[in-house]
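A.B. asks: Supplied in structure tokens, the structure appears directly below.
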Amino acid sequence: MLVDSVVVDIVLRLGALPALGSDVRVNESSSSPGGGFNVMASASRLGLPAVYGGVLGIGPFATMARDALSEEGIVVALAPAMGLDTGFVVALVEPDGERTFLSASGAESTVTASQLDDLDITESDVVYFSGYGLLHESNAKAMRDLLARLPEETVFLFDPGPLVPDILPEHLDAVLQRVDWFTCNEREAELLTGREPLPGAHDLVTRLARGSVIVRCGARGCVVALRDGAVRELPGFAVPALDTNGAGDCHVGAFAALLMGGYEPYTAASWANAAAALAVTRRGPATGPTMTELELFMRTRPHEGGAS
């Protein structure tokens, strides 16, 4: 499983967003690897071996990311970028859970096509990257070249991320021509289609050349739109949420692991809802469950998610 970027998340919890020119005290702060790390950690804990096919840098953030990848058993495939540290994302979290992001790029934005040429991708692999990988011209070219040489049977997942309006149309079109699973949250689906999740998922799937769509709806679950025209809402699981940061990434990684593990798409998506529900009951961005934890959860609440 390959992803485009690992960054460091700096999470600041505060009473309200600062007014222009003001200073606001932070109630709580934390820092940990995020971005593609969350997706890979979620997938790895559910049995899908993960390989990081992006670039780390040299510096304190890169060291934090490299140590976390090693702890999760995730292989780093490419050499580090000298003279650059790994980038970071500042997440401002308000009391109601609303999040505002500030992103600063680093070594992860320097991927080249020649670097990705060295990756050995087979027909049994799943490749994932997000819209962040298409925001920098070097990365976008590398990712598009990668897509052009993927084996036909290789499963490709894509999540546009919150900066979807900033992705150049030609880059997004290249993704839509090859993607097998296009997964996004309801805000991103509305940005792309102007519609709510159910009709939005239907509209999105008609834009794909071969793939299907998942629209994540937070605690409400998700909508799955298959290539054959079937559209189904899969309810979420009611849990006491402590931290929603990284829940979407957990869902993506869990779905990839379960799909590649032989689960049919509706069941994989429903269990991914459960994985994300478990993740938000724990503080931290990479809090996805193990398979043992997920199976125990599903045994106690087998019908709540709406799939069998």
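Identifiers in this document derive from the order of the structure tokens: chains are assigned A, B, ..., residues are numbered from 1 separately in each chain, and ligands are numbered from 1 in order of occurrence.
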Tell me, as a short mmCIF file (atom, residue, chain, number, x, y, z; two decimals) with C-alpha atoms, in the first residue's frame, which residues lie within 7 Å of region 101-103 of chain A, counting only C-alpha atoms; anything in the same chain fewer than 4 positions away does not count.
C.D. replies:
data_model
loop_
_atom_site.label_atom_id
_atom_site.label_comp_id
_atom_site.auth_asym_id
_atom_site.auth_seq_id
_atom_site.Cartn_x
_atom_site.Cartn_y
_atom_site.Cartn_z
CA PHE A 88 3.34 19.92 9.00
CA VAL A 89 -0.33 20.74 9.42
CA VAL A 90 -1.67 22.93 12.22
CA ALA A 91 -5.19 21.85 13.18
CA LEU A 92 -7.21 24.40 15.17
#
A.B. asks: Would you return as a PDB file with C-alpha atoms, in the first residue's frame the members of region 117-282 of chain A that DSSP assigns to strand (DSSP E or B) on this structure's backbone?
C.D. replies:
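states-v6.pdb written:
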ATOM      1  CA  VAL A 126      -3.558  -1.367  -3.455  1.00  0.00           C
ATOM      2  CA  VAL A 127      -2.247   2.134  -4.154  1.00  0.00           C
ATOM      3  CA  TYR A 128      -3.555   5.149  -2.283  1.00  0.00           C
ATOM      4  CA  PHE A 129      -2.850   8.841  -2.483  1.00  0.00           C
ATOM      5  CA  SER A 130      -4.738  12.013  -1.658  1.00  0.00           C
ATOM      6  CA  VAL A 155      -6.643  -1.286  -6.873  1.00  0.00           C
ATOM      7  CA  PHE A 156      -6.292   2.499  -6.728  1.00  0.00           C
ATOM      8  CA  LEU A 157      -7.952   4.544  -3.961  1.00  0.00           C
ATOM      9  CA  PHE A 158      -8.049   8.322  -3.976  1.00  0.00           C
ATOM     10  CA  ASP A 159      -9.238  10.906  -1.450  1.00  0.00           C
ATOM     11  CA  TRP A 181     -12.474   3.804  -5.210  1.00  0.00           C
ATOM     12  CA  PHE A 182     -12.994   7.554  -4.892  1.00  0.00           C
ATOM     13  CA  THR A 183     -13.534   8.333  -1.208  1.00  0.00           C
ATOM     14  CA  CYS A 184     -14.288  11.740   0.287  1.00  0.00           C
ATOM     15  CA  ASN A 185     -16.314  13.395   3.027  1.00  0.00           C
ATOM     16  CA  SER A 212     -17.018   3.386  -7.356  1.00  0.00           C
ATOM     17  CA  VAL A 213     -17.538   6.065  -4.693  1.00  0.00           C
ATOM     18  CA  ILE A 214     -17.689   6.336  -0.913  1.00  0.00           C
ATOM     19  CA  VAL A 215     -18.909   9.559   0.705  1.00  0.00           C
ATOM     20  CA  ARG A 216     -18.166   9.649   4.424  1.00  0.00           C
ATOM     21  CA  GLY A 221     -21.889   6.600   8.437  1.00  0.00           C
ATOM     22  CA  CYS A 222     -21.282   6.696   4.703  1.00  0.00           C
ATOM     23  CA  VAL A 223     -22.860   6.413   1.256  1.00  0.00           C
ATOM     24  CA  VAL A 224     -21.540   3.813  -1.183  1.00  0.00           C
ATOM     25  CA  ALA A 225     -22.224   4.259  -4.904  1.00  0.00           C
ATOM     26  CA  VAL A 231     -26.335   3.488  -4.160  1.00  0.00           C
ATOM     27  CA  ARG A 232     -26.677   2.567  -0.502  1.00  0.00           C
ATOM     28  CA  GLU A 233     -26.500   4.433   2.804  1.00  0.00           C
ATOM     29  CA  LEU A 234     -24.644   2.579   5.546  1.00  0.00           C
ATOM     30  CA  PRO A 235     -25.369   3.997   9.011  1.00  0.00           C
TER      31      PRO A 235
END
A.B. asks: Any idea what the distance is between CA of Met40 (chain A) and CA of Gly253 (chain A)?
C.D. replies: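 CA of Gly253 (chain A) lies 6.1 Å from CA of Met40 (chain A).
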A.B. asks: Skip region 24-34 of chain A itself and residues of its chain fewer than 6 positions away, then list as a list in words all residues within 9 Å of it, counting only C-alpha atoms.
C.D. replies: Ser5, Val6, Val7, Val8, Asp9, Ile10, Val11, Leu12, Arg13, Leu14, Gly15, Ala16, Leu17, Pro18, Phe61, Met64, Ala65, Arg66, Ala68, Leu69, Phe88, Val89, Gly246, Gly284, Pro285 and Ala286 of chain A
A.B. asks: Need the shell around Met298 (chain A): protein/DNA/RNA residues with any atom at most 12 Å away, counting only C-alpha atoms. Skip same-chain ones fewer than 2 positions apart. Format as a PDB file with N, CA and C atoms, in the first residue's frame?
C.D. replies:
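Below you can see out01.pdb, which holds the result:
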ATOM      1  N   GLY A 236     -23.792   4.801  10.617  1.00  0.00           N
ATOM      2  CA  GLY A 236     -22.636   4.719  11.496  1.00  0.00           C
ATOM      3  C   GLY A 236     -23.002   4.102  12.832  1.00  0.00           C
ATOM      4  N   PHE A 237     -22.099   4.251  13.797  1.00  0.00           N
ATOM      5  CA  PHE A 237     -22.253   3.654  15.116  1.00  0.00           C
ATOM      6  C   PHE A 237     -22.182   4.753  16.161  1.00  0.00           C
ATOM      7  N   THR A 267     -19.916  -4.497   3.089  1.00  0.00           N
ATOM      8  CA  THR A 267     -19.463  -4.934   4.400  1.00  0.00           C
ATOM      9  C   THR A 267     -18.168  -4.228   4.792  1.00  0.00           C
ATOM     10  N   SER A 270     -19.107  -0.751   5.879  1.00  0.00           N
ATOM     11  CA  SER A 270     -19.782  -0.747   7.171  1.00  0.00           C
ATOM     12  C   SER A 270     -18.790  -0.994   8.307  1.00  0.00           C
ATOM     13  N   TRP A 271     -17.887  -1.943   8.113  1.00  0.00           N
ATOM     14  CA  TRP A 271     -16.863  -2.190   9.127  1.00  0.00           C
ATOM     15  C   TRP A 271     -15.903  -1.008   9.223  1.00  0.00           C
ATOM     16  N   ALA A 272     -15.665  -0.315   8.119  1.00  0.00           N
ATOM     17  CA  ALA A 272     -14.842   0.899   8.175  1.00  0.00           C
ATOM     18  C   ALA A 272     -15.547   1.976   9.000  1.00  0.00           C
ATOM     19  N   ASN A 273     -16.886   2.051   8.895  1.00  0.00           N
ATOM     20  CA  ASN A 273     -17.643   2.946   9.777  1.00  0.00           C
ATOM     21  C   ASN A 273     -17.362   2.610  11.241  1.00  0.00           C
ATOM     22  N   ALA A 274     -17.353   1.316  11.536  1.00  0.00           N
ATOM     23  CA  ALA A 274     -17.101   0.883  12.914  1.00  0.00           C
ATOM     24  C   ALA A 274     -15.678   1.219  13.349  1.00  0.00           C
ATOM     25  N   ALA A 275     -14.714   1.026  12.449  1.00  0.00           N
ATOM     26  CA  ALA A 275     -13.316   1.345  12.778  1.00  0.00           C
ATOM     27  C   ALA A 275     -13.175   2.832  13.089  1.00  0.00           C
ATOM     28  N   ALA A 277     -15.554   4.781  14.138  1.00  0.00           N
ATOM     29  CA  ALA A 277     -16.253   5.033  15.400  1.00  0.00           C
ATOM     30  C   ALA A 277     -15.359   4.701  16.583  1.00  0.00           C
ATOM     31  N   LEU A 278     -14.674   3.575  16.510  1.00  0.00           N
ATOM     32  CA  LEU A 278     -13.745   3.220  17.582  1.00  0.00           C
ATOM     33  C   LEU A 278     -12.613   4.236  17.686  1.00  0.00           C
ATOM     34  N   PRO A 289      -8.459   0.761  15.249  1.00  0.00           N
ATOM     35  CA  PRO A 289      -8.417  -0.477  16.033  1.00  0.00           C
ATOM     36  C   PRO A 289      -7.622  -1.571  15.345  1.00  0.00           C
ATOM     37  N   MET A 291      -7.647  -5.729  14.329  1.00  0.00           N
ATOM     38  CA  MET A 291      -8.729  -6.591  13.863  1.00  0.00           C
ATOM     39  C   MET A 291      -9.449  -7.257  15.036  1.00  0.00           C
ATOM     40  N   THR A 292      -8.718  -7.620  16.056  1.00  0.00           N
ATOM     41  CA  THR A 292      -9.353  -8.228  17.240  1.00  0.00           C
ATOM     42  C   THR A 292     -10.342  -7.255  17.874  1.00  0.00           C
ATOM     43  N   GLU A 293      -9.935  -5.998  18.014  1.00  0.00           N
ATOM     44  CA  GLU A 293     -10.825  -4.989  18.598  1.00  0.00           C
ATOM     45  C   GLU A 293     -12.039  -4.737  17.701  1.00  0.00           C
ATOM     46  N   LEU A 294     -11.813  -4.686  16.404  1.00  0.00           N
ATOM     47  CA  LEU A 294     -12.919  -4.423  15.486  1.00  0.00           C
ATOM     48  C   LEU A 294     -13.903  -5.585  15.461  1.00  0.00           C
ATOM     49  N   GLU A 295     -13.407  -6.797  15.442  1.00  0.00           N
ATOM     50  CA  GLU A 295     -14.293  -7.960  15.436  1.00  0.00           C
ATOM     51  C   GLU A 295     -15.109  -8.031  16.724  1.00  0.00           C
ATOM     52  N   LEU A 296     -14.509  -7.723  17.849  1.00  0.00           N
ATOM     53  CA  LEU A 296     -15.244  -7.711  19.117  1.00  0.00           C
ATOM     54  C   LEU A 296     -16.345  -6.660  19.078  1.00  0.00           C
ATOM     55  N   THR A 300     -20.700  -7.306  19.109  1.00  0.00           N
ATOM     56  CA  THR A 300     -21.632  -6.750  20.085  1.00  0.00           C
ATOM     57  C   THR A 300     -22.649  -5.820  19.431  1.00  0.00           C
ATOM     58  N   ARG A 301     -22.364  -5.328  18.218  1.00  0.00           N
ATOM     59  CA  ARG A 301     -23.277  -4.411  17.551  1.00  0.00           C
ATOM     60  C   ARG A 301     -23.371  -4.749  16.069  1.00  0.00           C
ATOM     61  N   PRO A 302     -23.763  -5.982  15.740  1.00  0.00           N
ATOM     62  CA  PRO A 302     -23.668  -6.455  14.363  1.00  0.00           C
ATOM     63  C   PRO A 302     -24.660  -5.814  13.395  1.00  0.00           C
ATOM     64  N   HIS A 303     -25.779  -5.304  13.890  1.00  0.00           N
ATOM     65  CA  HIS A 303     -26.814  -4.803  12.983  1.00  0.00           C
ATOM     66  C   HIS A 303     -26.860  -3.282  12.892  1.00  0.00           C
ATOM     67  N   GLU A 304     -26.159  -2.623  13.777  1.00  0.00           N
ATOM     68  CA  GLU A 304     -26.260  -1.170  13.823  1.00  0.00           C
ATOM     69  C   GLU A 304     -25.732  -0.524  12.558  1.00  0.00           C
ATOM     70  N   GLY A 305     -24.696  -1.112  11.960  1.00  0.00           N
ATOM     71  CA  GLY A 305     -24.103  -0.509  10.774  1.00  0.00           C
ATOM     72  C   GLY A 305     -24.858  -0.780   9.484  1.00  0.00           C
ATOM     73  N   GLY A 306     -25.798  -1.694   9.503  1.00  0.00           N
ATOM     74  CA  GLY A 306     -26.662  -1.869   8.345  1.00  0.00           C
ATOM     75  C   GLY A 306     -26.116  -2.758   7.257  1.00  0.00           C
ATOM     76  N   ALA A 307     -25.031  -3.499   7.469  1.00  0.00           N
ATOM     77  CA  ALA A 307     -24.518  -4.420   6.453  1.00  0.00           C
ATOM     78  C   ALA A 307     -24.198  -5.744   7.115  1.00  0.00           C
ATOM     79  N   SER A 308     -24.259  -6.788   6.343  1.00  0.00           N
ATOM     80  CA  SER A 308     -23.975  -8.127   6.880  1.00  0.00           C
ATOM     81  C   SER A 308     -22.873  -8.778   6.072  1.00  0.00           C
TER      82      SER A 308
END
A.B. asks: Between A:Pro169, A:Pro49, A:Ala238, A:Asp96, which residue has the minimum interatomic distance to Val75 (chain A), considering only C-alpha atoms?
C.D. replies: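 Selected residue with least distance to Val75 (chain A): A:Pro49.
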A.B. asks: Between A:Leu48, A:Ala107, A:Val179, A:Ala189, which residue has the minimum interatomic distance to Arg210 (chain A), considering only C-alpha atoms?
C.D. replies: A:Val179
A.B. asks: If we count only C-alpha atoms, what is near Leu208 (chain A) at a cut-off of 7 Å, once residues fewer than 4 positions away on the same chain are taken out, given as JSON, numbers by chain?
C.D. replies: {"A": [176, 177, 204]}
A.B. asks: Those residues with N, CA and C atoms, as a tab-separated table (two decimals), in the first residue's frame please?
C.D. replies:
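Final output, saved to again32.tsv:
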chain	number	residue	atom	x	y	z
A	176	LEU	N	-9.77	10.50	-12.12
A	176	LEU	CA	-11.11	9.98	-12.38
A	176	LEU	C	-11.11	8.90	-13.45
A	177	GLN	N	-10.14	8.95	-14.35
A	177	GLN	CA	-10.05	7.94	-15.41
A	177	GLN	C	-9.53	6.61	-14.90
A	204	LEU	N	-20.99	11.63	-8.59
A	204	LEU	CA	-19.56	11.37	-8.67
A	204	LEU	C	-19.26	10.08	-9.43
A.B. asks: Just list the residues in region 241-308 of chain A DSSP gives helix (DSSP H, G or I) on the backbone, as a PyMOL selection string.
C.D. replies: chain A and resi 247-260+265-279+291-300
A.B. asks: Neighbours of Asp243 (chain A) within 10 Å (only C-alpha atoms; same-chain residues fewer than 4 positions away dropped), as a list in words?
C.D. replies: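 With the cut-off at 10 Å, the set is Val93, Gly97, Ala247, Ala279, Val280, Thr281, Arg282, Arg283, Gly284, Pro285 and Thr287 of chain A.
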A.B. asks: Next, the residues of the selection above should be written as a JSON list (two decimals), in the first residue's frame with C-alpha atoms.
C.D. replies:
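New file out02.json:
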[["chain", "number", "residue", "atom", "x", "y", "z"],
["A", 93, "VAL", "CA", -9.94, 22.50, 17.01],
["A", 97, "GLY", "CA", -15.08, 19.66, 17.19],
["A", 247, "ALA", "CA", -11.34, 9.63, 11.64],
["A", 279, "ALA", "CA", -11.03, 5.67, 16.54],
["A", 280, "VAL", "CA", -12.96, 8.74, 17.73],
["A", 281, "THR", "CA", -13.35, 7.26, 21.22],
["A", 282, "ARG", "CA", -9.57, 7.66, 21.68],
["A", 283, "ARG", "CA", -7.44, 10.78, 21.67],
["A", 284, "GLY", "CA", -4.92, 11.15, 18.87],
["A", 285, "PRO", "CA", -4.94, 11.10, 15.08],
["A", 287, "THR", "CA", -6.18, 5.57, 16.80]]
A.B. asks: Which residue, A:Met1, A:Ser109, A:Thr154, A:Thr122, has the smallest gap to Val76 (chain A) when you use only C-alpha atoms?
C.D. replies: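 So, comparing all the options, the nearest one is A:Met1.
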